[in-house]
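K.L.:
Provided herewith is a single structure, encoded as structure tokens, for subsequent inquiry.
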Amino acid sequence: MNILFLQFGGTIDKDYPMGATHHGYEFKIGEPAFHSILARAKPAFSWDGIVVMRKDSLDMTDADRSVACDYVEKSGVERIVGTHGTDTILETATVLSGIAGKTIVLTGAMLPEKFRDSKADCNLGMAVAAAQTLPHGVYIALYGQVKRWDEFKPR
């Protein structure tokens, strides 16, 4: 089984490099968290990873969601996990819900993967399990649960 991991952005992928403002630190959407998480996990499935966009979900527009939808729809992969910001994950899931024939799981974390107390590893693991086992549709894997997009309740 091959899973396609897509980076859309969000806190899960944030990095805080040195900069001229914010007391010496900036924030940026960095390298995809799935790279480091999967390197630690050493999974027994094949996967590919692509950066679609690096945006804070609060900065995502309808045009960005359209790009994400087109990318997912045109990919030749049936099972997809996307990292996304938690603030607007439901809006993107709603747009993706029109895609048939794929299992799409969006996940994120309220703290960056680089932070010790982040739930990024757990959430990505749940997303992987969901992508492997659930029927076609759009799901959100957050807060220790996996829900269909239309059953998800933001916190």
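In the structure tokens, the first chain shown is A, the next is B, and so on; residue numbers restart at 1 for each chain, and ligands run from 1 in the order shown.
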Sorted by chain and rising residue number, list the residues of range 12-89 of chain A at most 6 Å from range 100-116 of chain A (counting only C-alpha atoms), each with its closest atom pair and distance in Å to one decimal, as a tab-separated table.
P.N.:
```
residue	atom	partner	partner_atom	distance
A:Ile12	CA	A:Pro112	CA	4.2
A:Asp13	CA	A:Pro112	CA	5.9
A:Lys14	CA	A:Pro112	CA	5.4
A:Glu78	CA	A:Lys102	CA	4.6
A:Arg79	CA	A:Thr103	CA	4.9
A:Ile80	CA	A:Ile104	CA	4.8
A:Val81	CA	A:Val105	CA	4.8
A:Gly82	CA	A:Leu106	CA	4.7
A:Thr83	CA	A:Thr107	CA	5.1
A:His84	CA	A:Gly108	CA	5.2
A:Gly85	CA	A:Gly108	CA	5.6
A:Thr86	CA	A:Gly108	CA	5.9
```
K.L.:
Could the residues in this selection be written to a file with N, CA and C atoms, as a CSV table (one decimal), in the first residue's frame?
P.N.:
```csv
chain,number,residue,atom,x,y,z
A,12,ILE,N,1.5,22.2,13.0
A,12,ILE,CA,2.2,20.9,13.0
A,12,ILE,C,3.6,21.1,12.3
A,13,ASP,N,3.7,21.9,11.3
A,13,ASP,CA,4.9,22.1,10.5
A,13,ASP,C,5.6,23.4,10.8
A,14,LYS,N,5.2,24.1,11.8
A,14,LYS,CA,5.9,25.4,12.2
A,14,LYS,C,7.3,25.2,12.7
A,78,GLU,N,-4.8,6.7,-4.1
A,78,GLU,CA,-6.1,6.5,-3.5
A,78,GLU,C,-6.2,6.8,-2.0
A,79,ARG,N,-5.0,6.7,-1.4
A,79,ARG,CA,-4.9,7.0,0.1
A,79,ARG,C,-4.0,8.1,0.4
A,80,ILE,N,-4.6,9.2,1.0
A,80,ILE,CA,-3.9,10.4,1.2
A,80,ILE,C,-4.0,10.9,2.6
A,81,VAL,N,-2.9,11.4,3.2
A,81,VAL,CA,-2.8,12.0,4.5
A,81,VAL,C,-2.3,13.5,4.2
A,82,GLY,N,-3.1,14.5,4.7
A,82,GLY,CA,-2.6,15.8,4.6
A,82,GLY,C,-2.4,16.5,5.9
A,83,THR,N,-1.3,17.2,6.1
A,83,THR,CA,-1.1,18.0,7.3
A,83,THR,C,-1.6,19.4,7.1
A,84,HIS,N,-2.3,19.9,8.1
A,84,HIS,CA,-3.1,21.1,7.9
A,84,HIS,C,-3.2,21.8,9.3
A,85,GLY,N,-3.5,23.0,9.3
A,85,GLY,CA,-3.7,23.8,10.5
A,85,GLY,C,-5.1,23.4,11.1
A,86,THR,N,-5.2,23.4,12.4
A,86,THR,CA,-6.4,22.9,13.1
A,86,THR,C,-7.5,24.0,13.0
```
K.L.:
What residues in chain A get the DSSP label alpha helix (DSSP H)? Please answer as a PyMOL selection string.
P.N.:
chain A and resi 33-41+62-74+89-96+120-133
K.L.:
As JSON, numbers by chain, please: every residue in range 22-150 of chain A that a backbone DSSP assignment puts in strand (DSSP E).
P.N.:
{"A": [28, 29, 46, 47, 48, 49, 50, 51, 52, 53, 54, 55, 79, 80, 81, 82, 83, 103, 104, 105, 106, 107, 137, 138, 139, 140, 141, 142, 145, 146, 147, 148]}
K.L.:
Find, counting only C-alpha atoms, the residue in A:Phe152, A:Gly9, A:Asn2, A:Lys147 that gets nearest to Asp59 in chain A.
P.N.:
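Distance minimum relative to Asp59 in chain A lands on A:Gly9.
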K.L.:
Choose the residue, out of A:Asp64, A:Asp150, A:Glu31, A:Glu73, that has the smallest atom-to-atom separation from Ile99 in chain A; count only C-alpha atoms.
P.N.:
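Distance minimum relative to Ile99 in chain A lands on A:Glu73.
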K.L.:
Within 12 Å of Asp70 in chain A, counting only C-alpha atoms, which residues qualify if same-chain residues fewer than 5 places away don't, as a ChimeraX atom specification?
P.N.:
/A:52,63-65,75-76,95-96,98-99
K.L.:
Nearest to Gln145 in chain A: which of A:Val72, A:Leu124, A:Met60, A:Ile50 is it, counting only C-alpha atoms?
P.N.:
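Of the candidates, the smallest distance to Gln145 in chain A is held by A:Leu124.
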K.L.:
In Å, how far is it from CA of Tyr71 in chain A to CA of Trp47 in chain A?
P.N.:
16.7 Å
K.L.:
Smallest atom-to-atom distance to Thr88 in chain A: which of A:Ile140, A:Val67, A:Val51, A:Ala33, using only C-alpha atoms?
P.N.:
A:Ile140
K.L.:
Taking only C-alpha atoms into account, name the residue in A:Ile3, A:Cys69, A:Ile29, A:Ala131 that is nearest to Ser97 in chain A.
P.N.:
A:Cys69
